[in-house]
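For reference, coords-v5.pdb (PDB, C-alpha atoms and all ligand atoms):
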```
MODEL        1
ATOM      1  CA  MET A 193      94.465 219.409  51.210
ATOM      2  CA  ARG A 194      96.547 216.262  51.439
ATOM      3  CA  LYS A 195      94.462 213.110  51.380
ATOM      4  CA  ARG A 196      94.303 210.804  54.364
ATOM      5  CA  ILE A 197      94.836 207.176  53.403
ATOM      6  CA  LEU A 198      94.611 204.121  55.658
ATOM      7  CA  PHE A 199      97.149 201.436  54.795
ATOM      8  CA  ILE A 200      95.910 197.980  55.827
ATOM      9  CA  ALA A 201      98.548 195.246  55.674
ATOM     10  CA  THR A 202      97.531 191.595  55.443
ATOM     11  CA  GLY A 203     100.791 189.830  54.481
ATOM     12  CA  GLY A 204     101.683 188.251  51.128
ATOM     13  CA  THR A 205     104.917 188.187  49.160
ATOM     14  CA  ILE A 206     105.255 191.961  49.345
ATOM     15  CA  ALA A 207     105.874 191.604  53.094
ATOM     16  CA  SER A 208     107.705 188.293  52.930
ATOM     17  CA  GLU A 209     111.193 187.409  54.062
ATOM     18  CA  VAL A 210     113.434 184.470  53.303
ATOM     19  CA  THR A 211     113.242 181.825  56.037
ATOM     20  CA  ALA A 212     114.505 178.256  56.250
ATOM     21  CA  GLY A 213     110.909 177.164  55.703
ATOM     22  CA  GLY A 214     110.409 179.230  52.541
ATOM     23  CA  LEU A 215     109.145 182.777  52.005
ATOM     24  CA  LYS A 216     106.913 183.982  54.836
ATOM     25  CA  PRO A 217     105.292 187.343  55.611
ATOM     26  CA  GLY A 218     107.264 189.178  58.284
ATOM     27  CA  LEU A 219     107.636 192.845  57.336
ATOM     28  CA  SER A 220     105.260 195.126  59.195
ATOM     29  CA  ALA A 221     102.953 197.686  57.617
ATOM     30  CA  GLU A 222     105.231 200.455  58.877
ATOM     31  CA  ALA A 223     108.326 198.752  57.438
ATOM     32  CA  LEU A 224     106.622 198.555  54.036
ATOM     33  CA  LEU A 225     105.799 202.266  54.182
ATOM     34  CA  ARG A 226     109.360 203.123  55.242
ATOM     35  CA  ALA A 227     110.681 201.279  52.191
ATOM     36  CA  VAL A 228     108.831 203.721  49.906
ATOM     37  CA  PRO A 229     109.398 207.218  51.343
ATOM     38  CA  ALA A 230     107.590 208.859  48.396
ATOM     39  CA  ILE A 231     104.276 207.644  49.847
ATOM     40  CA  ARG A 232     104.489 209.949  52.853
ATOM     41  CA  GLU A 233     105.381 212.852  50.556
ATOM     42  CA  LEU A 234     102.150 212.211  48.665
ATOM     43  CA  CYS A 235      99.559 211.894  51.430
ATOM     44  CA  GLU A 236      98.873 211.470  55.136
ATOM     45  CA  VAL A 237      99.062 207.767  55.972
ATOM     46  CA  GLU A 238      98.089 205.707  58.970
ATOM     47  CA  SER A 239      98.722 202.004  59.056
ATOM     48  CA  LEU A 240      96.899 198.995  60.413
ATOM     49  CA  GLN A 241      98.484 195.557  60.623
ATOM     50  CA  LEU A 242      95.343 193.479  60.149
ATOM     51  CA  TYR A 243      96.867 190.092  59.253
ATOM     52  CA  ASP A 244     100.268 188.695  58.522
ATOM     53  CA  LEU A 245      99.359 185.836  56.218
ATOM     54  CA  ASP A 246     100.277 184.202  52.981
ATOM     55  CA  SER A 247      97.028 184.731  51.060
ATOM     56  CA  THR A 248      96.676 180.975  50.665
ATOM     57  CA  ASP A 249      95.460 181.170  54.271
ATOM     58  CA  ILE A 250      93.029 184.019  53.658
ATOM     59  CA  GLY A 251      89.328 183.224  53.350
ATOM     60  CA  PRO A 252      85.816 184.520  54.008
ATOM     61  CA  ASP A 253      86.427 185.365  57.694
ATOM     62  CA  HIS A 254      89.351 187.554  56.637
ATOM     63  CA  TRP A 255      87.282 189.204  53.886
ATOM     64  CA  LEU A 256      84.740 190.099  56.558
ATOM     65  CA  GLY A 257      87.586 191.369  58.763
ATOM     66  CA  MET A 258      88.917 193.589  55.958
ATOM     67  CA  ALA A 259      85.432 194.966  55.272
ATOM     68  CA  ARG A 260      84.948 195.626  58.992
ATOM     69  CA  ALA A 261      88.281 197.466  59.254
ATOM     70  CA  ILE A 262      87.323 199.687  56.310
ATOM     71  CA  ARG A 263      83.826 200.305  57.654
ATOM     72  CA  GLU A 264      85.126 201.273  61.110
ATOM     73  CA  ASN A 265      87.561 203.751  59.565
ATOM     74  CA  TYR A 266      85.445 204.865  56.618
ATOM     75  CA  ALA A 267      84.583 208.317  57.903
ATOM     76  CA  ARG A 268      88.160 209.201  58.947
ATOM     77  CA  PHE A 269      89.951 208.481  55.661
ATOM     78  CA  ASP A 270      89.708 209.480  51.998
ATOM     79  CA  GLY A 271      90.867 206.115  50.723
ATOM     80  CA  PHE A 272      92.224 202.687  51.626
ATOM     81  CA  VAL A 273      95.192 200.667  50.386
ATOM     82  CA  LEU A 274      95.430 197.004  51.333
ATOM     83  CA  SER A 275      98.596 194.990  50.807
ATOM     84  CA  HIS A 276      97.731 191.370  50.129
ATOM     85  CA  GLY A 277      99.210 188.176  48.732
ATOM     86  CA  THR A 278      98.633 187.779  45.029
ATOM     87  CA  ASP A 279      97.458 184.161  45.106
ATOM     88  CA  THR A 280      93.936 184.872  46.343
ATOM     89  CA  MET A 281      93.848 188.645  45.876
ATOM     90  CA  ALA A 282      91.263 188.380  43.093
ATOM     91  CA  TYR A 283      88.902 186.551  45.477
ATOM     92  CA  SER A 284      89.420 189.138  48.228
ATOM     93  CA  ALA A 285      88.880 191.985  45.765
ATOM     94  CA  ALA A 286      85.676 190.400  44.487
ATOM     95  CA  ALA A 287      84.422 189.677  48.012
ATOM     96  CA  LEU A 288      85.122 193.254  49.110
ATOM     97  CA  SER A 289      83.270 194.504  46.022
ATOM     98  CA  TYR A 290      80.114 192.801  47.363
ATOM     99  CA  LEU A 291      80.680 193.594  51.045
ATOM    100  CA  ILE A 292      81.230 197.305  50.351
ATOM    101  CA  GLN A 293      79.101 198.518  47.441
ATOM    102  CA  GLY A 294      79.061 201.947  45.858
ATOM    103  CA  SER A 295      81.990 203.382  47.809
ATOM    104  CA  VAL A 296      82.933 206.829  46.566
ATOM    105  CA  LYS A 297      86.285 206.337  48.294
ATOM    106  CA  PRO A 298      88.908 204.119  46.644
ATOM    107  CA  ILE A 299      89.625 200.726  48.200
ATOM    108  CA  ILE A 300      92.777 199.419  46.531
ATOM    109  CA  LEU A 301      94.377 196.024  46.836
ATOM    110  CA  THR A 302      97.969 195.514  45.826
ATOM    111  CA  GLY A 303     100.878 193.173  46.381
ATOM    112  CA  ALA A 304     103.923 191.924  44.568
ATOM    113  CA  GLN A 305     105.510 188.929  42.940
ATOM    114  CA  LYS A 306     108.856 189.643  44.638
ATOM    115  CA  PRO A 307     109.301 190.755  48.250
ATOM    116  CA  MET A 308     110.050 194.339  49.232
ATOM    117  CA  GLY A 309     113.508 193.355  50.455
ATOM    118  CA  PHE A 310     114.706 191.862  47.157
ATOM    119  CA  ASP A 311     117.006 193.835  44.832
ATOM    120  CA  THR A 312     114.710 193.224  41.902
ATOM    121  CA  THR A 313     111.155 193.724  43.031
ATOM    122  CA  ASP A 314     107.792 195.025  41.901
ATOM    123  CA  SER A 315     106.866 195.832  45.526
ATOM    124  CA  ARG A 316     107.912 199.468  45.542
ATOM    125  CA  VAL A 317     106.261 200.508  42.307
ATOM    126  CA  ASN A 318     103.023 198.637  43.070
ATOM    127  CA  LEU A 319     102.742 200.168  46.526
ATOM    128  CA  LEU A 320     103.485 203.693  45.326
ATOM    129  CA  ASP A 321     101.121 203.324  42.357
ATOM    130  CA  SER A 322      98.382 202.206  44.744
ATOM    131  CA  PHE A 323      98.738 205.337  46.842
ATOM    132  CA  ILE A 324      98.785 207.485  43.691
ATOM    133  CA  CYS A 325      95.474 205.872  42.731
ATOM    134  CA  ALA A 326      94.075 206.226  46.223
ATOM    135  CA  CYS A 327      94.733 209.969  45.899
ATOM    136  CA  GLY A 328      93.142 210.138  42.423
ATOM    137  CA  ALA A 329      90.032 212.263  41.936
ATOM    138  CA  ASP A 330      87.919 209.719  40.042
ATOM    139  CA  MET A 331      88.858 206.472  41.733
ATOM    140  CA  HIS A 332      85.891 204.849  43.459
ATOM    141  CA  GLY A 333      85.214 201.472  44.997
ATOM    142  CA  VAL A 334      87.258 198.293  45.046
ATOM    143  CA  MET A 335      90.098 197.735  42.587
ATOM    144  CA  ILE A 336      93.449 196.048  42.169
ATOM    145  CA  VAL A 337      96.519 198.068  41.247
ATOM    146  CA  PHE A 338      99.299 195.912  39.860
ATOM    147  CA  ASN A 339     102.079 196.215  37.298
ATOM    148  CA  GLY A 340     100.915 199.633  36.126
ATOM    149  CA  ARG A 341      97.285 198.633  35.635
ATOM    150  CA  VAL A 342      94.094 199.383  37.533
ATOM    151  CA  ILE A 343      91.530 196.579  37.402
ATOM    152  CA  LEU A 344      88.027 196.596  38.869
ATOM    153  CA  GLY A 345      87.734 194.352  41.924
ATOM    154  CA  THR A 346      85.141 192.164  40.230
ATOM    155  CA  ARG A 347      87.159 191.693  37.042
ATOM    156  CA  ALA A 348      90.605 190.647  38.217
ATOM    157  CA  ARG A 349      92.206 187.259  37.862
ATOM    158  CA  LYS A 350      95.738 186.087  38.533
ATOM    159  CA  THR A 351      96.918 184.960  35.099
ATOM    160  CA  HIS A 352     100.691 184.705  35.606
ATOM    161  CA  SER A 353     102.177 182.845  38.542
ATOM    162  CA  LYS A 354     105.702 184.301  38.293
ATOM    163  CA  SER A 355     106.053 187.380  36.110
ATOM    164  CA  PHE A 356     105.309 190.907  37.325
ATOM    165  CA  ASP A 357     102.340 191.041  34.969
ATOM    166  CA  ALA A 358     100.377 188.875  37.394
ATOM    167  CA  PHE A 359      96.798 190.121  36.895
ATOM    168  CA  SER A 360      94.468 190.501  33.954
ATOM    169  CA  SER A 361      91.142 192.230  33.666
ATOM    170  CA  ILE A 362      88.717 189.606  32.387
ATOM    171  CA  ASN A 363      85.906 190.430  29.938
ATOM    172  CA  PHE A 364      86.167 194.120  30.792
ATOM    173  CA  PRO A 365      88.934 196.668  30.060
ATOM    174  CA  HIS A 366      91.298 197.743  32.806
ATOM    175  CA  ILE A 367      90.192 201.178  33.910
ATOM    176  CA  ALA A 368      93.506 203.034  34.124
ATOM    177  CA  ASP A 369      97.249 202.810  33.509
ATOM    178  CA  LEU A 370     100.092 204.074  35.653
ATOM    179  CA  ARG A 371     103.410 204.937  34.104
ATOM    180  CA  ASP A 372     106.257 206.723  35.901
ATOM    181  CA  GLY A 373     103.863 207.883  38.589
ATOM    182  CA  HIS A 374     101.264 209.279  36.187
ATOM    183  CA  LEU A 375      97.732 207.991  36.235
ATOM    184  CA  THR A 376      95.828 207.804  32.939
ATOM    185  CA  GLN A 377      92.227 206.898  33.598
ATOM    186  CA  TYR A 378      89.824 205.691  30.893
ATOM    187  CA  ILE A 379      86.809 204.546  32.890
ATOM    188  CA  VAL A 380      85.299 206.069  36.018
ATOM    189  CA  PRO A 381      83.916 203.409  38.365
ATOM    190  CA  GLN A 382      80.303 203.692  39.450
ATOM    191  CA  PHE A 383      79.602 204.864  42.992
ATOM    192  CA  ALA A 384      76.905 206.111  45.342
ATOM    193  CA  TRP A 385      77.443 208.828  47.939
ATOM    194  CA  GLU A 386      76.472 206.442  50.727
ATOM    195  CA  PRO A 387      78.117 203.036  50.418
ATOM    196  CA  SER A 388      76.245 199.889  51.432
ATOM    197  CA  PHE A 389      78.163 197.727  53.878
ATOM    198  CA  TYR A 390      77.360 194.046  54.416
ATOM    199  CA  ASP A 391      78.691 191.867  57.200
ATOM    200  CA  ASN A 392      77.597 188.352  56.386
ATOM    201  CA  LEU A 393      78.707 185.654  53.949
ATOM    202  CA  ASP A 394      77.324 182.148  53.600
ATOM    203  CA  THR A 395      80.285 179.939  52.761
ATOM    204  CA  ARG A 396      78.192 176.948  51.710
ATOM    205  CA  VAL A 397      79.179 177.616  48.110
ATOM    206  CA  SER A 398      81.121 175.065  46.071
ATOM    207  CA  LEU A 399      82.933 175.051  42.782
ATOM    208  CA  LEU A 400      82.998 172.070  40.441
ATOM    209  CA  LYS A 401      85.428 172.068  37.558
ATOM    210  CA  LEU A 402      84.216 169.482  35.051
ATOM    211  CA  LEU A 403      86.582 166.795  33.867
ATOM    212  CA  PRO A 404      85.844 165.034  30.572
ATOM    213  CA  GLY A 405      84.199 161.722  31.365
ATOM    214  CA  ALA A 406      83.519 162.532  35.029
ATOM    215  CA  ASP A 407      80.610 160.661  36.609
ATOM    216  CA  CYS A 408      78.058 162.216  38.992
ATOM    217  CA  SER A 409      79.773 161.272  42.260
ATOM    218  CA  GLN A 410      81.690 164.523  42.775
ATOM    219  CA  LEU A 411      78.657 166.530  41.681
ATOM    220  CA  GLU A 412      76.406 164.755  44.179
ATOM    221  CA  PHE A 413      78.953 165.093  46.966
ATOM    222  CA  LEU A 414      79.196 168.854  46.447
ATOM    223  CA  LEU A 415      75.428 169.284  46.052
ATOM    224  CA  GLY A 416      74.951 167.477  49.338
ATOM    225  CA  ARG A 417      77.059 169.943  51.269
ATOM    226  CA  SER A 418      76.289 173.238  49.490
ATOM    227  CA  ARG A 419      73.501 175.754  49.165
ATOM    228  CA  ALA A 420      74.982 177.007  45.903
ATOM    229  CA  LEU A 421      77.152 175.296  43.302
ATOM    230  CA  LEU A 422      79.073 176.961  40.492
ATOM    231  CA  ILE A 423      79.824 174.506  37.700
ATOM    232  CA  GLU A 424      82.725 175.429  35.450
ATOM    233  CA  SER A 425      81.804 173.554  32.291
ATOM    234  CA  PHE A 426      83.522 173.537  28.907
ATOM    235  CA  GLY A 427      83.455 176.175  26.168
ATOM    236  CA  VAL A 428      80.318 178.322  26.070
ATOM    237  CA  GLY A 429      78.733 175.893  28.506
ATOM    238  CA  GLY A 430      76.875 172.631  28.770
ATOM    239  CA  LEU A 431      76.748 169.484  30.846
ATOM    240  CA  PRO A 432      77.397 165.871  29.929
ATOM    241  CA  HIS A 433      73.977 164.292  29.486
ATOM    242  CA  GLY A 434      74.428 162.018  32.467
ATOM    243  CA  MET A 435      74.534 165.057  34.782
ATOM    244  CA  HIS A 436      71.420 166.923  33.636
ATOM    245  CA  ARG A 437      68.944 165.055  35.813
ATOM    246  CA  ALA A 438      70.942 165.475  39.048
ATOM    247  CA  VAL A 439      71.479 169.182  38.434
ATOM    248  CA  LEU A 440      67.847 169.912  37.589
ATOM    249  CA  ALA A 441      66.639 167.899  40.596
ATOM    250  CA  ALA A 442      68.986 169.840  42.879
ATOM    251  CA  ALA A 443      67.658 173.138  41.514
ATOM    252  CA  ARG A 444      64.060 171.958  42.141
ATOM    253  CA  ALA A 445      65.096 171.057  45.681
ATOM    254  CA  GLY A 446      66.223 174.652  46.299
ATOM    255  CA  LYS A 447      69.949 174.594  45.483
ATOM    256  CA  LEU A 448      71.307 177.528  43.538
ATOM    257  CA  ILE A 449      73.065 176.224  40.449
ATOM    258  CA  VAL A 450      75.191 178.559  38.353
ATOM    259  CA  MET A 451      76.641 177.406  35.038
ATOM    260  CA  SER A 452      79.958 178.924  34.034
ATOM    261  CA  THR A 453      82.927 178.062  31.851
ATOM    262  CA  GLN A 454      86.526 177.011  32.349
ATOM    263  CA  VAL A 455      87.502 179.233  29.440
ATOM    264  CA  GLN A 456      88.942 182.447  30.806
ATOM    265  CA  ASN A 457      87.799 184.874  28.139
ATOM    266  CA  GLU A 458      84.426 185.762  26.577
ATOM    267  CA  GLY A 459      82.189 183.947  29.038
ATOM    268  CA  SER A 460      79.370 181.437  28.690
ATOM    269  CA  ASP A 461      76.391 181.151  26.362
ATOM    270  CA  LEU A 462      74.531 178.081  27.516
ATOM    271  CA  ALA A 463      71.809 178.312  24.888
ATOM    272  CA  VAL A 464      74.086 177.502  21.919
ATOM    273  CA  TYR A 465      74.496 173.721  22.131
ATOM    274  CA  GLY A 466      72.160 170.872  22.873
ATOM    275  CA  THR A 467      74.292 170.067  25.922
ATOM    276  CA  GLY A 468      73.380 173.431  27.429
ATOM    277  CA  ARG A 469      70.056 174.569  25.903
ATOM    278  CA  PRO A 470      67.729 172.649  28.268
ATOM    279  CA  LEU A 471      69.576 174.179  31.214
ATOM    280  CA  SER A 472      69.467 177.673  29.740
ATOM    281  CA  GLU A 473      65.691 177.362  29.270
ATOM    282  CA  ASP A 474      65.155 176.384  32.892
ATOM    283  CA  PRO A 475      64.506 179.497  35.013
ATOM    284  CA  LEU A 476      66.026 177.822  38.072
ATOM    285  CA  ILE A 477      69.456 177.390  36.456
ATOM    286  CA  LEU A 478      71.567 180.540  36.527
ATOM    287  CA  GLU A 479      74.397 181.447  34.198
ATOM    288  CA  ALA A 480      77.577 183.398  34.950
ATOM    289  CA  TYR A 481      77.894 184.806  31.400
ATOM    290  CA  ASP A 482      80.930 187.145  31.429
ATOM    291  CA  MET A 483      81.561 187.020  35.212
ATOM    292  CA  THR A 484      84.808 185.669  36.601
ATOM    293  CA  THR A 485      84.661 182.611  38.810
ATOM    294  CA  GLU A 486      86.077 184.724  41.645
ATOM    295  CA  ALA A 487      83.209 187.195  41.314
ATOM    296  CA  ALA A 488      80.506 184.556  40.837
ATOM    297  CA  VAL A 489      81.387 182.501  43.932
ATOM    298  CA  THR A 490      81.839 185.490  46.236
ATOM    299  CA  LYS A 491      78.605 187.027  44.919
ATOM    300  CA  LEU A 492      76.817 183.786  45.810
ATOM    301  CA  MET A 493      78.285 183.903  49.328
ATOM    302  CA  TRP A 494      77.084 187.494  49.673
ATOM    303  CA  LEU A 495      73.566 186.987  48.315
ATOM    304  CA  LEU A 496      72.661 183.715  50.062
ATOM    305  CA  PRO A 497      71.991 185.365  53.459
ATOM    306  CA  LEU A 498      69.912 188.077  51.746
ATOM    307  CA  ALA A 499      67.721 186.082  49.391
ATOM    308  CA  GLY A 500      64.558 184.535  50.784
ATOM    309  CA  ASN A 501      63.916 182.369  47.722
ATOM    310  CA  GLN A 502      65.425 181.354  44.383
ATOM    311  CA  ALA A 503      63.747 184.139  42.422
ATOM    312  CA  GLU A 504      65.213 186.733  44.768
ATOM    313  CA  ALA A 505      68.619 185.012  44.573
ATOM    314  CA  ALA A 506      68.478 185.152  40.766
ATOM    315  CA  ARG A 507      67.543 188.818  40.837
ATOM    316  CA  LEU A 508      70.493 189.623  43.110
ATOM    317  CA  PHE A 509      72.861 187.447  41.095
ATOM    318  CA  TYR A 510      72.066 189.211  37.836
ATOM    319  CA  ALA A 511      71.985 192.746  39.284
ATOM    320  CA  PRO A 512      75.346 194.309  38.313
ATOM    321  CA  VAL A 513      77.698 195.285  41.147
ATOM    322  CA  ASN A 514      80.959 197.118  40.386
ATOM    323  CA  ARG A 515      80.443 196.123  36.710
ATOM    324  CA  ASP A 516      80.774 192.432  37.506
ATOM    325  CA  ILE A 517      78.284 191.332  34.829
ATOM    326  CA  LEU A 518      77.471 192.960  31.529
ATOM    327  CA  THR A 519      75.103 190.501  29.940
ATOM    328  CA  ALA A 520      72.773 190.340  32.899
ATOM    329  CA  GLY A 521      69.055 189.790  32.804
ATOM    330  CA  ARG A 522      68.848 187.578  29.736
ATOM    331  CA  LYS A 523      66.687 185.059  31.557
TER     332      LYS A 523
HETATM  333  N1  LIG A 601     101.949 183.057  48.199
HETATM  334  C1  LIG A 601     101.930 184.490  48.135
HETATM  335  C2  LIG A 601     100.610 184.979  48.686
HETATM  336  O1  LIG A 601      99.629 184.915  48.005
HETATM  337  C3  LIG A 601     102.142 184.947  46.746
HETATM  338  C4  LIG A 601     102.200 186.433  46.546
HETATM  339  O2  LIG A 601     101.860 187.243  47.382
HETATM  340  O3  LIG A 601     102.624 186.844  45.439
HETATM  341  O4  LIG A 601     100.544 185.398  49.798
ENDMDL
END
```

Turn this file's structure into structure tokens for me.
Amino acid sequence: MRKRILFIATGGTIASEVTAGGLKPGLSAEALLRAVPAIRELCEVESLQLYDLDSTDIGPDHWLGMARAIRENYARFDGFVLSHGTDTMAYSAAALSYLIQGSVKPIILTGAQKPMGFDTTDSRVNLLDSFICACGADMHGVMIVFNGRVILGTRARKTHSKSFDAFSSINFPHIADLRDGHLTQYIVPQFAWEPSFYDNLDTRVSLLKLLPGADCSQLEFLLGRSRALLIESFGVGGLPHGMHRAVLAAARAGKLIVMSTQVQNEGSDLAVYGTGRPLSEDPLILEAYDMTTEAAVTKLMWLLPLAGNQAEAARLFYAPVNRDILTAGRK
């Protein structure tokens, strides 16, 4: 039986056209499908034009909209392919990983660095590869398919701004390769027969990237307007001594503080240095360990409406979802 796949278009370079004001999404979902006739030879496809946006303009409301579209159509289709701009695709993939957990059906995000209409483009191969994956037997849950690689939705990061090799899988191997239309899968994603859908995100989450020598003013500004703050510190993690008191006081006052690192690979280990150890020993300070920033901030948005207190928030933060954290539960 041919699989039934829902194609959800949201915009991005893949659908963009040259205009006097720069590249802008304009190609419809159906036009994208027409450009790759092999897709309709592979499976039954219906399309939904959900948005028509550069992904710079996509945010939490759109993530909820994507999750809603998938939920409403979940029973009718065997899998979902979403076309999306590359700039914030890793955030959308992470957010969808929390909003739809344990899906046995594949939910694949893809896009391109060059528009479908260009002579040299990665659009066609990425779109076809995504449908090949969506028809695969062991593909479950949220993932990104790009440049011949399949990356879990919680592990992706845009690491090249121009070349076709735009995404990397961070602190976890990519789960499959695609070459000339053939899928070679190494890791089977976890799933449950009944997915859990969520329909709420608390966007009062901020991200502070530390600058050497920074004073506390930015930190205090962000703490004042957030329920949760992710601090990207240096190396394996730590805070300048002048910031410790403000951060610990905020945690005592009920803010969720998560320590992370600006270094892309290998994650944090706050206990190593004197600049981090007192924070690592404090049960109210959380640590992102091997999680990506994209996963950590969207996980915070997802768990804030669910957690009644900080202990519950910590439990949810460290509970692995779609293999987003490997070194969980050290605290
Ligand atoms: N600015 C575009 C977007 O994210 C870039 C892309 O799709 O590659 O929508």

Which residues, written as a PyMOL selection string, have at least one atom at most 12 Å from Met193 (chain A), with only C-alpha atoms counted and residues fewer than 4 positions away on the same chain left out?
chain A and resi 234-236+270+327

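For the pair CA of Arg371 (chain A) and CA of Asp357 (chain A), the separation is 14.0 Å.
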
In Å, with one decimal, what is the gap from CA of Leu219 (chain A) to CA of Gly271 (chain A)?
22.4 Å

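Across the structure, CA of Lys195 (chain A) and CA of Leu288 (chain A) are spaced 22.1 Å apart.
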
Residues of chain A at most 10 Å from ligand LIG 601 (chain A): nearest atom pair and distance in Å, only C-alpha atoms and all ligand atoms, as a tab-separated table:
```
residue	atom	partner	partner_atom	distance
A:Thr202	CA	A:LIG601	O4	8.9
A:Gly203	CA	A:LIG601	O4	6.5
A:Gly204	CA	A:LIG601	O4	3.3
A:Thr205	CA	A:LIG601	O2	3.7
A:Ile206	CA	A:LIG601	O2	6.1
A:Ala207	CA	A:LIG601	O2	8.2
A:Ser208	CA	A:LIG601	O2	8.1
A:Leu215	CA	A:LIG601	N1	8.1
A:Lys216	CA	A:LIG601	O4	8.2
A:Pro217	CA	A:LIG601	O4	7.8
A:Asp244	CA	A:LIG601	O4	9.3
A:Leu245	CA	A:LIG601	O4	6.5
A:Asp246	CA	A:LIG601	O4	3.4
A:Ser247	CA	A:LIG601	O4	3.8
A:Thr248	CA	A:LIG601	O1	5.6
A:Asp249	CA	A:LIG601	O4	8.0
A:Ile250	CA	A:LIG601	O4	8.6
A:Ser275	CA	A:LIG601	O2	9.1
A:His276	CA	A:LIG601	O2	6.5
A:Gly277	CA	A:LIG601	O2	3.1
A:Thr278	CA	A:LIG601	O2	4.0
A:Asp279	CA	A:LIG601	O1	3.7
A:Thr280	CA	A:LIG601	O1	5.9
A:Met281	CA	A:LIG601	O1	7.2
A:Thr302	CA	A:LIG601	O2	9.3
A:Gly303	CA	A:LIG601	O2	6.1
A:Ala304	CA	A:LIG601	O3	5.3
A:Gln305	CA	A:LIG601	O3	4.3
A:Lys306	CA	A:LIG601	O3	6.9
A:Pro307	CA	A:LIG601	O3	8.2
A:Ser315	CA	A:LIG601	O3	9.9
A:Lys350	CA	A:LIG601	O3	9.8
A:Ser353	CA	A:LIG601	O3	8.0
A:Lys354	CA	A:LIG601	O3	8.2
A:Ser355	CA	A:LIG601	O3	10.0
A:Phe356	CA	A:LIG601	O3	9.5
A:Ala358	CA	A:LIG601	O3	8.6
```

With C-alpha atoms retained, could you export that selection as a PDB file, in the coordinates of the input?
```pdb
ATOM      1  CA  THR A 202      97.531 191.595  55.443  1.00  0.00           C
ATOM      2  CA  GLY A 203     100.791 189.830  54.481  1.00  0.00           C
ATOM      3  CA  GLY A 204     101.683 188.251  51.128  1.00  0.00           C
ATOM      4  CA  THR A 205     104.917 188.187  49.160  1.00  0.00           C
ATOM      5  CA  ILE A 206     105.255 191.961  49.345  1.00  0.00           C
ATOM      6  CA  ALA A 207     105.874 191.604  53.094  1.00  0.00           C
ATOM      7  CA  SER A 208     107.705 188.293  52.930  1.00  0.00           C
ATOM      8  CA  LEU A 215     109.145 182.777  52.005  1.00  0.00           C
ATOM      9  CA  LYS A 216     106.913 183.982  54.836  1.00  0.00           C
ATOM     10  CA  PRO A 217     105.292 187.343  55.611  1.00  0.00           C
ATOM     11  CA  ASP A 244     100.268 188.695  58.522  1.00  0.00           C
ATOM     12  CA  LEU A 245      99.359 185.836  56.218  1.00  0.00           C
ATOM     13  CA  ASP A 246     100.277 184.202  52.981  1.00  0.00           C
ATOM     14  CA  SER A 247      97.028 184.731  51.060  1.00  0.00           C
ATOM     15  CA  THR A 248      96.676 180.975  50.665  1.00  0.00           C
ATOM     16  CA  ASP A 249      95.460 181.170  54.271  1.00  0.00           C
ATOM     17  CA  ILE A 250      93.029 184.019  53.658  1.00  0.00           C
ATOM     18  CA  SER A 275      98.596 194.990  50.807  1.00  0.00           C
ATOM     19  CA  HIS A 276      97.731 191.370  50.129  1.00  0.00           C
ATOM     20  CA  GLY A 277      99.210 188.176  48.732  1.00  0.00           C
ATOM     21  CA  THR A 278      98.633 187.779  45.029  1.00  0.00           C
ATOM     22  CA  ASP A 279      97.458 184.161  45.106  1.00  0.00           C
ATOM     23  CA  THR A 280      93.936 184.872  46.343  1.00  0.00           C
ATOM     24  CA  MET A 281      93.848 188.645  45.876  1.00  0.00           C
ATOM     25  CA  THR A 302      97.969 195.514  45.826  1.00  0.00           C
ATOM     26  CA  GLY A 303     100.878 193.173  46.381  1.00  0.00           C
ATOM     27  CA  ALA A 304     103.923 191.924  44.568  1.00  0.00           C
ATOM     28  CA  GLN A 305     105.510 188.929  42.940  1.00  0.00           C
ATOM     29  CA  LYS A 306     108.856 189.643  44.638  1.00  0.00           C
ATOM     30  CA  PRO A 307     109.301 190.755  48.250  1.00  0.00           C
ATOM     31  CA  SER A 315     106.866 195.832  45.526  1.00  0.00           C
ATOM     32  CA  LYS A 350      95.738 186.087  38.533  1.00  0.00           C
ATOM     33  CA  SER A 353     102.177 182.845  38.542  1.00  0.00           C
ATOM     34  CA  LYS A 354     105.702 184.301  38.293  1.00  0.00           C
ATOM     35  CA  SER A 355     106.053 187.380  36.110  1.00  0.00           C
ATOM     36  CA  PHE A 356     105.309 190.907  37.325  1.00  0.00           C
ATOM     37  CA  ALA A 358     100.377 188.875  37.394  1.00  0.00           C
TER      38      ALA A 358
END
```

Give as a compact mmCIF listing (two decimals) with C-alpha atoms, in the coordinates of the input the residues that the PyMOL selection byres (((chain A and resi 503) around 12) and not hetatm) matches when applied to the coordinates above.
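Result file selection_34.txt:
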```txt
# COMPACT_ATOMS: atom_id res chain seq x y z
CA ALA A 443 67.66 173.14 41.51
CA GLY A 446 66.22 174.65 46.30
CA LYS A 447 69.95 174.59 45.48
CA LEU A 448 71.31 177.53 43.54
CA PRO A 475 64.51 179.50 35.01
CA LEU A 476 66.03 177.82 38.07
CA ILE A 477 69.46 177.39 36.46
CA LEU A 478 71.57 180.54 36.53
CA LEU A 495 73.57 186.99 48.32
CA LEU A 496 72.66 183.72 50.06
CA LEU A 498 69.91 188.08 51.75
CA ALA A 499 67.72 186.08 49.39
CA GLY A 500 64.56 184.54 50.78
CA ASN A 501 63.92 182.37 47.72
CA GLN A 502 65.42 181.35 44.38
CA GLU A 504 65.21 186.73 44.77
CA ALA A 505 68.62 185.01 44.57
CA ALA A 506 68.48 185.15 40.77
CA ARG A 507 67.54 188.82 40.84
CA LEU A 508 70.49 189.62 43.11
CA PHE A 509 72.86 187.45 41.10
CA TYR A 510 72.07 189.21 37.84
CA LYS A 523 66.69 185.06 31.56
```

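Between Ser361 (chain A) and the residues A:Leu393, A:Ala282, A:Ile299, A:Leu440, the shortest atom-to-atom distance, using all atoms listed in the file, involves A:Ala282.
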